[in-house]
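So this block is work11.txt, compact mmCIF, C-alpha atoms and all ligand atoms:
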# COMPACT_ATOMS: atom_id res chain seq x y z
CA MET C 1 -25.72 15.46 -33.13
CA ASN C 2 -26.75 13.02 -30.45
CA MET C 3 -29.51 11.08 -32.21
CA ARG C 4 -30.96 8.58 -29.81
CA PRO C 5 -31.36 5.15 -31.35
CA ALA C 6 -34.81 3.61 -31.48
CA GLU C 7 -35.89 1.57 -28.47
CA GLU C 8 -35.20 -1.74 -30.28
CA THR C 9 -31.52 -0.96 -30.72
CA CYS C 10 -31.06 0.10 -27.12
CA VAL C 11 -29.31 -2.23 -24.72
CA ASP C 12 -30.32 -4.49 -21.86
CA ALA C 13 -29.23 -1.97 -19.25
CA GLU C 14 -30.65 -4.10 -16.44
CA ALA C 15 -28.87 -7.24 -17.64
CA LEU C 16 -25.68 -5.24 -18.03
CA ALA C 17 -25.92 -4.07 -14.42
CA LEU C 18 -26.34 -7.70 -13.32
CA ASP C 19 -23.32 -8.80 -15.40
CA ALA C 20 -25.70 -11.14 -17.25
CA LEU C 21 -24.29 -10.40 -20.71
CA ASP C 22 -21.50 -12.33 -22.39
CA ASP C 23 -18.28 -10.50 -23.21
CA ALA C 24 -19.28 -9.44 -26.72
CA GLU C 25 -22.73 -8.24 -25.65
CA ARG C 26 -21.19 -6.39 -22.74
CA ALA C 27 -18.64 -4.59 -24.89
CA ALA C 28 -21.36 -3.52 -27.34
CA ALA C 29 -23.62 -2.39 -24.51
CA LEU C 30 -20.91 -0.30 -22.86
CA ALA C 31 -20.11 1.37 -26.18
CA HIS C 32 -23.78 2.16 -26.65
CA LEU C 33 -24.02 3.79 -23.21
CA ASP C 34 -21.59 6.49 -24.26
CA ALA C 35 -23.99 7.55 -26.99
CA CYS C 36 -27.34 7.11 -25.29
CA ASP C 37 -28.43 9.21 -22.31
CA ASP C 38 -31.50 7.10 -21.84
CA CYS C 39 -29.65 3.82 -21.45
CA ARG C 40 -27.04 5.46 -19.26
CA ALA C 41 -29.74 6.58 -16.86
CA ARG C 42 -31.36 3.13 -16.87
CA TYR C 43 -27.98 1.56 -16.26
CA ALA C 44 -27.19 3.89 -13.34
CA ALA C 45 -30.54 3.09 -11.73
CA ALA C 46 -30.12 -0.65 -12.31
CA ARG C 47 -26.66 -0.53 -10.77
CA GLU C 48 -28.11 0.86 -7.56
CA VAL C 49 -30.57 -2.04 -7.46
CA ALA C 50 -27.71 -4.47 -8.13
CA ALA C 51 -25.79 -2.92 -5.22
CA LEU C 52 -28.80 -3.54 -2.98
CA LEU C 53 -28.80 -7.19 -4.08
CA ALA C 54 -25.09 -7.32 -3.24
CA ARG C 55 -25.78 -5.95 0.21
CA SER C 56 -28.66 -8.34 0.86
CA VAL C 57 -26.46 -11.41 1.29
CA PRO C 58 -25.62 -12.88 4.72
CA GLN C 59 -22.85 -10.79 6.20
CA ALA C 60 -19.54 -12.47 6.94
CA VAL C 61 -16.47 -11.02 8.63
CA PRO C 62 -13.26 -10.98 6.58
CA PRO C 63 -10.38 -12.83 8.26
CA PRO C 64 -8.34 -10.63 10.64
CA GLY C 65 -5.05 -10.44 8.72
CA LEU C 66 -6.64 -9.71 5.35
CA GLY C 67 -6.46 -5.92 5.61
CA THR C 68 -2.77 -6.07 6.47
CA ARG C 69 -2.11 -8.28 3.46
CA VAL C 70 -3.97 -5.84 1.21
CA LEU C 71 -1.90 -2.96 2.55
CA ALA C 72 1.36 -4.89 2.23
CA GLN C 73 0.62 -5.70 -1.40
CA ALA C 74 -0.43 -2.15 -2.16
CA LEU C 75 2.85 -0.83 -0.75
CA ALA C 76 5.03 -3.50 -2.31
CA ALA C 77 3.55 -3.42 -5.80
CA PRO C 78 5.27 -1.14 -8.26
CA ALA C 79 2.96 1.58 -9.56
CA PRO C 80 1.52 0.83 -13.01
CA ALA C 81 3.19 2.52 -15.96
CA GLY C 82 2.40 6.18 -16.24
CA ARG C 83 1.90 6.69 -12.52
CA SER C 84 4.53 8.14 -10.30
CA ALA C 85 5.57 7.36 -6.86
CA PRO C 86 6.30 3.94 -5.50
CA ALA C 87 9.52 5.26 -4.02
CA ARG C 88 7.61 7.97 -2.25
CA ILE C 89 5.39 5.39 -0.64
CA ALA C 90 8.36 3.44 0.60
CA TRP C 91 9.83 6.67 1.80
CA SER C 92 6.71 7.47 3.80
CA TRP C 93 7.29 4.41 5.89
CA LEU C 94 10.85 5.26 6.59
CA ALA C 95 10.11 8.86 7.31
CA ALA C 96 7.47 7.71 9.74
CA ALA C 97 9.91 5.38 11.38
CA ALA C 98 12.53 8.10 11.49
CA VAL C 99 10.16 10.46 13.24
CA LEU C 100 9.42 7.83 15.79
CA VAL C 101 13.07 7.06 16.18
CA ALA C 102 13.87 10.69 16.74
CA VAL C 103 11.39 10.67 19.57
CA LEU C 104 13.04 7.57 20.96
CA GLY C 105 16.47 9.16 20.70
CA TRP C 106 17.96 7.11 17.90
CA ASN C 107 20.40 9.37 16.17
CA VAL C 108 19.07 9.56 12.66
CA THR C 109 17.30 12.83 13.18
CA LEU C 110 19.76 14.72 11.03
CA GLN C 111 19.41 12.20 8.26
CA ALA C 112 15.65 12.45 8.48
CA GLN C 113 15.85 16.21 8.25
CA LEU C 114 18.08 16.09 5.19
CA ARG C 115 15.69 13.73 3.51
CA ALA C 116 12.75 15.82 4.54
CA GLN C 117 14.33 18.85 2.86
CA ALA C 118 14.69 16.86 -0.32
CA GLU C 119 11.00 16.03 -0.18
CA GLN C 120 9.59 19.37 0.73
CA THR C 121 6.39 18.89 -1.16
CA GLU C 122 5.41 16.07 1.11
CA ASP C 123 4.21 17.19 4.49
CA LEU C 124 4.62 15.26 7.67
CA ALA C 125 0.98 14.31 7.84
CA THR C 126 1.19 12.59 4.46
CA ARG C 127 4.31 10.76 5.45
CA LEU C 128 2.74 9.52 8.62
CA THR C 129 -0.33 8.12 6.92
CA THR C 130 1.29 4.86 5.93
CA GLN C 131 2.36 4.17 9.47
CA GLU C 132 -1.08 5.07 10.72
CA ALA C 133 -2.65 2.80 8.12
CA ALA C 134 -0.57 -0.14 9.25
CA LEU C 135 -1.18 0.44 12.92
CA ARG C 136 -4.90 0.92 12.45
CA LEU C 137 -5.25 -2.34 10.58
CA LEU C 138 -3.11 -4.27 13.01
CA ALA C 139 -4.45 -2.95 16.27
CA PRO C 140 -6.49 0.22 16.50
CA GLY C 141 -5.16 2.16 19.48
CA SER C 142 -2.53 -0.32 20.59
CA GLY C 143 -0.24 -0.85 17.58
CA VAL C 144 3.38 0.25 17.82
CA ALA C 145 6.18 0.94 15.35
CA ARG C 146 9.72 -0.27 16.02
CA PRO C 147 12.64 1.13 14.00
CA LEU C 148 15.11 -1.23 12.36
CA VAL C 149 18.66 -0.24 11.47
CA GLY C 150 21.14 -1.72 9.02
CA SER C 151 24.28 -3.44 10.29
CA ASP C 152 27.82 -2.95 8.94
CA VAL C 153 26.86 -5.34 6.14
CA ALA C 154 24.07 -3.01 4.97
CA PRO C 155 24.76 0.37 6.54
CA ARG C 156 22.20 2.30 4.44
CA ALA C 157 19.33 -0.07 5.18
CA GLN C 158 16.45 1.26 7.26
CA GLY C 159 13.12 -0.12 8.22
CA ALA C 160 10.31 -0.49 10.64
CA LEU C 161 8.27 -3.29 12.13
CA TYR C 162 4.66 -2.39 12.80
CA LEU C 163 3.01 -4.66 15.28
CA ASP C 164 0.26 -5.31 17.72
CA PRO C 165 2.09 -6.51 20.83
CA GLN C 166 -0.85 -8.73 21.83
CA GLY C 167 -1.25 -10.19 18.34
CA THR C 168 0.84 -12.44 16.11
CA THR C 169 0.67 -10.36 12.93
CA GLY C 170 3.09 -7.59 12.08
CA LEU C 171 4.18 -5.67 9.03
CA LEU C 172 7.87 -5.38 8.16
CA VAL C 173 8.97 -2.63 5.79
CA VAL C 174 12.58 -2.05 4.80
CA ARG C 175 14.31 0.27 2.39
CA ASP C 176 17.80 0.50 0.86
CA LEU C 177 18.51 -3.12 1.65
CA PRO C 178 20.90 -4.69 -0.91
CA ALA C 179 19.65 -7.79 -2.72
CA PRO C 180 20.60 -11.02 -0.92
CA PRO C 181 23.60 -12.94 -2.36
CA PRO C 182 22.73 -15.08 -5.41
CA GLY C 183 20.74 -18.15 -4.45
CA LYS C 184 19.74 -16.75 -1.06
CA VAL C 185 16.68 -15.09 0.46
CA TYR C 186 16.29 -12.97 3.54
CA GLN C 187 14.82 -14.48 6.67
CA LEU C 188 13.38 -12.53 9.58
CA TRP C 189 14.19 -13.83 13.07
CA LEU C 190 12.11 -13.16 16.15
CA ILE C 191 14.35 -13.33 19.18
CA HIS C 192 13.21 -14.44 22.63
CA ASP C 193 15.79 -15.13 25.36
CA GLY C 194 18.42 -15.97 22.75
CA GLN C 195 16.06 -18.35 20.90
CA ARG C 196 15.23 -17.49 17.30
CA ALA C 197 11.95 -18.24 15.57
CA SER C 198 11.36 -17.57 11.88
CA GLY C 199 9.11 -14.61 11.11
CA GLY C 200 9.06 -15.23 7.36
CA LEU C 201 11.12 -15.08 4.18
CA PHE C 202 11.43 -12.19 1.75
CA THR C 203 13.52 -10.61 -0.91
CA VAL C 204 13.85 -7.01 -2.06
CA ASP C 205 12.86 -5.25 -5.27
CA GLU C 206 15.16 -3.14 -7.42
CA ARG C 207 14.62 -0.20 -5.09
CA GLY C 208 15.85 -2.21 -2.11
CA VAL C 209 12.32 -2.20 -0.73
CA ALA C 210 10.64 -5.14 0.94
CA VAL C 211 7.25 -5.46 2.59
CA LEU C 212 6.48 -8.61 4.56
CA VAL C 213 3.44 -9.62 6.54
CA VAL C 214 5.00 -11.24 9.61
CA GLN C 215 3.27 -14.21 11.19
CA ALA C 216 4.82 -14.94 14.58
CA PRO C 217 4.39 -18.28 16.36
CA GLN C 218 3.81 -16.46 19.69
CA PRO C 219 2.25 -13.08 20.49
CA LEU C 220 4.75 -10.41 19.46
CA ARG C 221 5.16 -9.08 23.01
CA THR C 222 7.03 -12.35 23.67
CA TYR C 223 10.01 -11.22 21.61
CA GLN C 224 12.71 -8.76 22.62
CA ALA C 225 14.33 -8.16 19.24
CA VAL C 226 14.32 -9.01 15.54
CA GLY C 227 17.09 -9.57 13.02
CA VAL C 228 17.41 -10.41 9.34
CA THR C 229 19.96 -12.74 7.74
CA ALA C 230 20.51 -14.16 4.25
CA GLU C 231 19.59 -17.85 4.11
CA PRO C 232 19.13 -20.61 1.52
CA PRO C 233 15.77 -20.67 -0.34
CA GLY C 234 13.13 -22.11 1.96
CA GLY C 235 14.87 -20.68 5.00
CA SER C 236 16.94 -22.21 7.79
CA PRO C 237 16.03 -23.51 11.24
CA GLY C 238 18.37 -20.85 12.67
CA PRO C 239 20.44 -17.97 11.29
CA THR C 240 23.59 -19.01 9.42
CA GLY C 241 24.76 -15.64 8.07
CA PRO C 242 25.53 -12.22 9.55
CA ARG C 243 22.67 -9.89 10.50
CA VAL C 244 21.92 -7.28 7.82
CA ILE C 245 19.25 -5.29 9.64
CA GLY C 246 17.53 -5.55 12.99
CA GLY C 247 16.18 -3.77 16.00
CA GLN C 248 14.79 -3.98 19.50
CA LEU C 249 11.12 -4.60 20.18
CA MET V 1 -25.35 14.28 -0.36
CA ASN V 2 -25.17 12.20 2.80
CA GLN V 3 -22.13 12.02 5.01
CA ALA V 4 -21.10 8.44 4.30
CA ARG V 5 -21.14 9.08 0.58
CA ARG V 6 -19.17 12.28 0.88
CA GLN V 7 -16.57 10.60 3.08
CA ASP V 8 -16.21 7.77 0.56
CA GLU V 9 -15.68 10.23 -2.24
CA GLU V 10 -13.07 12.15 -0.29
CA LEU V 11 -11.25 8.91 0.50
CA ALA V 12 -11.43 7.79 -3.13
CA ALA V 13 -9.96 11.13 -4.24
CA ARG V 14 -7.06 10.69 -1.81
CA LEU V 15 -6.15 7.35 -3.40
CA ALA V 16 -4.86 9.17 -6.44
CA ALA V 17 -2.23 10.77 -4.19
CA ARG V 18 -1.11 7.26 -3.13
CA ASP V 19 -2.51 7.76 0.35
CA ALA V 20 -2.32 4.39 2.09
CA LEU V 21 -4.45 5.56 4.97
CA ALA V 22 -7.32 6.32 2.59
CA LEU V 23 -7.04 2.77 1.25
CA THR V 24 -7.12 1.44 4.79
CA GLU V 25 -10.20 3.46 5.66
CA LEU V 26 -12.04 2.36 2.53
CA TYR V 27 -11.07 -1.20 3.36
CA GLN V 28 -12.44 -0.84 6.87
CA ARG V 29 -15.69 0.66 5.61
CA HIS V 30 -16.41 -1.76 2.78
CA SER V 31 -14.36 -4.96 3.03
CA ARG V 32 -17.16 -6.77 4.81
CA ALA V 33 -19.67 -6.04 2.04
CA VAL V 34 -17.18 -7.14 -0.63
CA TYR V 35 -16.16 -10.25 1.30
CA SER V 36 -19.77 -11.23 2.01
CA LEU V 37 -20.77 -10.88 -1.64
CA ALA V 38 -17.72 -12.87 -2.76
CA LEU V 39 -18.42 -15.61 -0.23
CA ARG V 40 -22.06 -15.83 -1.28
CA MET V 41 -21.12 -16.10 -4.97
CA LEU V 42 -17.95 -18.20 -4.82
CA GLY V 43 -18.84 -20.34 -1.81
CA ASP V 44 -15.37 -20.67 -0.36
CA ARG V 45 -13.35 -18.48 1.93
CA GLU V 46 -10.06 -18.77 0.13
CA ALA V 47 -11.54 -17.52 -3.12
CA ALA V 48 -13.41 -14.75 -1.27
CA ASP V 49 -10.15 -13.74 0.41
CA GLU V 50 -8.38 -13.48 -2.92
CA LEU V 51 -11.20 -11.53 -4.46
CA VAL V 52 -11.16 -8.96 -1.66
CA GLN V 53 -7.40 -8.46 -2.13
CA ASP V 54 -7.80 -8.25 -5.87
CA VAL V 55 -10.61 -5.69 -5.70
CA PHE V 56 -8.89 -3.37 -3.22
CA LEU V 57 -5.61 -3.55 -5.14
CA ARG V 58 -7.46 -2.59 -8.32
CA VAL V 59 -8.95 0.34 -6.46
CA TRP V 60 -5.46 1.30 -5.27
CA HIS V 61 -3.89 1.10 -8.71
CA HIS V 62 -6.77 2.57 -10.70
CA PRO V 63 -8.69 5.02 -8.53
CA GLU V 64 -9.39 7.09 -11.66
CA ARG V 65 -11.82 4.41 -12.85
CA TYR V 66 -14.32 5.53 -10.26
CA LEU V 67 -16.34 8.44 -11.63
CA ALA V 68 -18.10 10.21 -8.80
CA ASP V 69 -20.69 11.74 -11.15
CA ARG V 70 -21.87 8.27 -12.20
CA GLY V 71 -22.92 7.13 -8.73
CA ARG V 72 -21.82 6.18 -5.26
CA PHE V 73 -18.36 4.77 -4.56
CA VAL V 74 -19.72 1.70 -2.82
CA THR V 75 -21.98 0.94 -5.80
CA TRP V 76 -18.97 1.07 -8.07
CA LEU V 77 -16.84 -0.99 -5.69
CA LEU V 78 -19.49 -3.71 -5.44
CA SER V 79 -19.88 -3.73 -9.22
CA VAL V 80 -16.13 -4.24 -9.60
CA ALA V 81 -16.27 -7.08 -7.07
CA HIS V 82 -19.32 -8.61 -8.72
CA HIS V 83 -17.83 -8.47 -12.18
CA ARG V 84 -14.68 -10.15 -10.95
CA ALA V 85 -16.66 -12.88 -9.16
CA VAL V 86 -18.70 -13.52 -12.31
CA ASP V 87 -15.47 -13.90 -14.28
CA LEU V 88 -14.26 -16.51 -11.81
CA LEU V 89 -17.58 -18.39 -11.84
CA ARG V 90 -17.61 -18.50 -15.64
CA ARG V 91 -14.03 -19.73 -15.72
CA ARG V 92 -14.87 -22.43 -13.18
CA ARG V 93 -17.79 -23.58 -15.31
CA VAL V 94 -15.50 -23.96 -18.30
CA GLN V 95 -13.01 -25.96 -16.24
CA ARG V 96 -15.53 -28.06 -14.29
CA PRO V 97 -18.81 -28.02 -16.20
CA THR V 98 -20.40 -30.57 -13.84
CA ALA V 99 -19.82 -28.43 -10.75
CA ASP V 100 -22.44 -26.02 -12.05
CA GLY V 101 -24.03 -24.00 -9.31
CA ASP V 102 -22.83 -26.05 -6.36
CA VAL V 103 -22.18 -23.13 -4.05
CA ALA V 104 -21.53 -24.32 -0.51
CA GLU V 105 -23.85 -23.23 2.26
CA LEU V 106 -22.37 -20.72 4.64
CA SER V 107 -21.68 -21.99 8.09
CA ALA V 108 -23.14 -20.10 11.01
CA ASP V 109 -19.79 -18.92 12.33
CA SER V 110 -19.25 -16.79 9.26
CA VAL V 111 -22.20 -14.54 10.04
CA ALA V 112 -21.17 -11.19 11.43
CA PRO V 113 -22.33 -10.80 15.02
CA ASP V 114 -22.19 -7.01 15.15
CA ASP V 115 -24.33 -6.42 12.12
CA ALA V 116 -25.79 -2.91 12.24
CA VAL V 117 -29.55 -2.77 12.71
CA ALA V 118 -30.08 -0.40 9.77
CA ASP V 119 -28.12 -2.71 7.48
CA ALA V 120 -30.08 -5.72 8.67
CA GLU V 121 -33.34 -3.87 7.97
CA GLU V 122 -32.14 -2.94 4.50
CA ARG V 123 -31.27 -6.57 3.83
CA ARG V 124 -34.69 -7.70 4.98
CA ALA V 125 -36.35 -5.11 2.74
CA VAL V 126 -34.43 -6.37 -0.29
CA ARG V 127 -35.23 -10.01 0.47
CA ASP V 128 -38.89 -9.17 1.01
CA ALA V 129 -38.97 -7.33 -2.29
CA LEU V 130 -37.36 -10.31 -4.05
CA ALA V 131 -39.93 -12.61 -2.47
CA THR V 132 -42.81 -10.63 -3.97
CA LEU V 133 -41.56 -11.13 -7.54
CA PRO V 134 -43.14 -13.86 -9.67
CA GLU V 135 -41.08 -17.03 -9.28
CA GLY V 136 -39.72 -16.91 -12.85
CA GLN V 137 -38.47 -13.36 -12.47
CA ARG V 138 -36.89 -13.98 -9.08
CA ARG V 139 -35.19 -17.17 -10.25
CA SER V 140 -33.84 -15.49 -13.38
CA LEU V 141 -32.47 -12.55 -11.39
CA GLU V 142 -30.80 -14.82 -8.86
CA LEU V 143 -29.24 -17.04 -11.51
CA ALA V 144 -27.91 -13.95 -13.22
CA TYR V 145 -26.66 -12.00 -10.24
CA PHE V 146 -25.54 -14.63 -7.75
CA GLU V 147 -24.51 -17.48 -10.06
CA GLY V 148 -23.08 -15.40 -12.86
CA LEU V 149 -25.11 -16.93 -15.68
CA THR V 150 -25.68 -14.97 -18.89
CA GLN V 151 -29.22 -14.49 -20.13
CA SER V 152 -28.59 -17.17 -22.78
CA GLU V 153 -27.33 -19.60 -20.14
CA ILE V 154 -30.37 -18.95 -17.99
CA ALA V 155 -32.62 -19.62 -20.97
CA ALA V 156 -30.84 -22.93 -21.56
CA ARG V 157 -30.91 -23.84 -17.87
CA LEU V 158 -34.62 -23.15 -17.47
CA GLY V 159 -35.63 -24.35 -20.92
CA GLU V 160 -37.26 -21.04 -21.80
CA PRO V 161 -36.87 -18.79 -24.87
CA LEU V 162 -34.15 -16.14 -24.54
CA GLY V 163 -36.72 -13.38 -25.11
CA THR V 164 -38.68 -14.59 -22.09
CA ILE V 165 -35.59 -14.44 -19.88
CA LYS V 166 -34.70 -10.95 -21.09
CA THR V 167 -38.20 -9.75 -20.30
CA ARG V 168 -38.19 -11.37 -16.88
CA ILE V 169 -34.89 -9.78 -15.98
CA ARG V 170 -35.90 -6.34 -17.14
CA LEU V 171 -39.30 -6.47 -15.45
CA GLY V 172 -37.86 -8.02 -12.30
CA MET V 173 -35.28 -5.25 -11.97
CA LEU V 174 -37.85 -2.54 -12.63
CA LYS V 175 -40.16 -4.02 -10.01
CA LEU V 176 -37.37 -4.28 -7.48
CA ARG V 177 -36.48 -0.71 -8.16
CA GLU V 178 -40.08 0.36 -7.70
CA GLN V 179 -40.43 -1.58 -4.45
CA LEU V 180 -37.11 -0.36 -3.10
CA ARG V 181 -37.73 3.16 -4.34
CA GLY V 182 -37.04 4.61 -0.90
CA LEU V 183 -33.63 2.97 -0.63
CA VAL V 184 -32.63 3.65 -4.21
CA ARG V 185 -33.72 7.28 -4.05
CA GLU V 186 -31.85 7.75 -0.80
CA TYR V 187 -28.72 6.62 -2.60
CA GLU V 188 -29.33 8.50 -5.82
CA ALA V 189 -29.87 11.66 -3.85
CA GLY V 190 -26.82 10.74 -1.89
ZN ZN C 301 -29.98 3.39 -25.60

Starting from the coordinates I provided, produce the structure as structure tokens.
Ligand SMILES: [Zn+2]
Amino acid sequence: MNMRPAEETCVDAEALALDALDDAERAAALAHLDACDDCRARYAAAREVAALLARSVPQAVPPPGLGTRVLAQALAAPAPAGRSAPARIAWSWLAAAAVLVAVLGWNVTLQAQLRAQAEQTEDLATRLTTQEAALRLLAPGSGVARPLVGSDVAPRAQGALYLDPQGTTGLLVVRDLPAPPPGKVYQLWLIHDGQRASGGLFTVDERGVAVLVVQAPQPLRTYQAVGVTAEPPGGSPGPTGPRVIGGQL
Amino acid sequence: MNQARRQDEELAARLAARDALALTELYQRHSRAVYSLALRMLGDREAADELVQDVFLRVWHHPERYLADRGRFVTWLLSVAHHRAVDLLRRRRVQRPTADGDVAELSADSVAPDDAVADAEERRAVRDALATLPEGQRRSLELAYFEGLTQSEIAARLGEPLGTIKTRIRLGMLKLREQLRGLVREYEAG
């Protein structure tokens, strides 16, 4: 039976909504809410007032690349225990790239179809969402996706670079890339008239997946191609190893 | 239920299916509110940046923690952000007890130029309502909400009995709610 405690034993619902309780008081208050309809209603109302306080502060614009970093971390982070699906997320990117590539005439259409059959439960719209997410954050309306393909060194590797041609921020996503040799990291190169500028360092997780927010020194339309090589930790001024994956911009 | 709220709830439901586009849309709808609150509380951009990332990643990894029947998504999101900012402020006070409350002033360039008129009016209404509270109530609410002090810490800071602070906070919140009835009801109704 849900006997409501007397008023004295009820909690500071307003203080709870303001986060003005210490940890022990907060834990006790939250436990009480489960048993007391009255306090739960007061807490819900106080939370709406707290949200108004939150929204009353001077408004500031988040820095431009922040959304891309959030997305990159969301895609790169393994799902917490008990949840499925990090691989499926990585796959969405590649499927999206493969679709684009098929349109561009790169001959992985068959491969894409085989994979698509293996993932029948996932419709095309779902698979395209990750690409759309990246492009929307980078450059609503003007973002583009460029497919990347593994070299002889990493023939199974696939990837995409999502970029705003006018901007300097891009998002690199690769899959099925072998780990770099011991003591090395991967370095992305942005290639302009044979000159190579570093686009950042990364490594891959156990799935062969990497997600990198690319910060280019020049607007990305400056570059004609990208490539990835294994380099010493900290990177090199120029590539010293063979290309493992790359593509045209 | 209004359209913005329904859209938020649909987007939140899509997070459970690992839909990155839903995360992006929620980010685009609410990152400014989260960032602005974090900047106001923490006083520096780098910390506000980190908090925004932290909050949206929590949302991504634990969308099930939002219970649509307990209120609006944005209310929940801001409460997650606020709680996290309070944690950071309390940790800072332990590490640097002398730096108590020295939140930097925002520079003019951080203010959003394309602030929606309706939002600006809502902000003015909330500030006006705060300004009508007795000084002790307003000060206690602000120390609690924006500086992350507990009721006991506020009592110590102001040299008042704890019971007085508790009363001020409860009455202040009830008065705010009464004065902002229109806004709160709009949200409760959806
Ligand atoms: Zn109660």

(request) Enumerate residues in contact with ligand ZN 301 (chain C): an atom-to-atom distance of at most 6 Å, counting only C-alpha atoms and all ligand atoms. Format the result as JSON, numbers by chain. (result) {"C": [10, 11, 36, 38, 39]}

(message) Need to verify the contact set: Tyr223 in chain C, 6 Å, all atoms listed in the file, exclusion of same-chain residues closer than 2 positions in sequence. Can you return it as an MDAnalysis selection string?
(response) chainID C and resid 191:192 220:221 225

Counting all atoms listed in the file, chain V residues within 6 Å of chain C, as a JSON list (two decimals) with C-alpha atoms, keeping the file's coordinate frame:
[["chain", "number", "residue", "atom", "x", "y", "z"],
["V", 20, "ALA", "CA", -2.32, 4.39, 2.09],
["V", 21, "LEU", "CA", -4.45, 5.56, 4.97],
["V", 24, "THR", "CA", -7.12, 1.44, 4.79],
["V", 32, "ARG", "CA", -17.16, -6.77, 4.81],
["V", 36, "SER", "CA", -19.77, -11.23, 2.01],
["V", 37, "LEU", "CA", -20.77, -10.88, -1.64],
["V", 53, "GLN", "CA", -7.40, -8.46, -2.13],
["V", 75, "THR", "CA", -21.98, 0.94, -5.80],
["V", 110, "SER", "CA", -19.25, -16.79, 9.26],
["V", 111, "VAL", "CA", -22.20, -14.54, 10.04],
["V", 112, "ALA", "CA", -21.17, -11.19, 11.43],
["V", 123, "ARG", "CA", -31.27, -6.57, 3.83],
["V", 144, "ALA", "CA", -27.91, -13.95, -13.22],
["V", 145, "TYR", "CA", -26.66, -12.00, -10.24],
["V", 150, "THR", "CA", -25.68, -14.97, -18.89],
["V", 151, "GLN", "CA", -29.22, -14.49, -20.13],
["V", 170, "ARG", "CA", -35.90, -6.34, -17.14]]

(message) With distances taken over all atoms listed in the file, which residue among C:Gly194, C:Ala230, C:Glu206, C:Gln248 lies nearest Ala160 in chain C?
(response)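 Closest to Ala160 in chain C, using all atoms listed in the file: C:Gln248.
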
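Distances to Glu121 in chain V were evaluated for V:Arg91, V:Val59, V:Glu160, V:Leu183 using all atoms listed in the file, and the minimum falls at V:Leu183.
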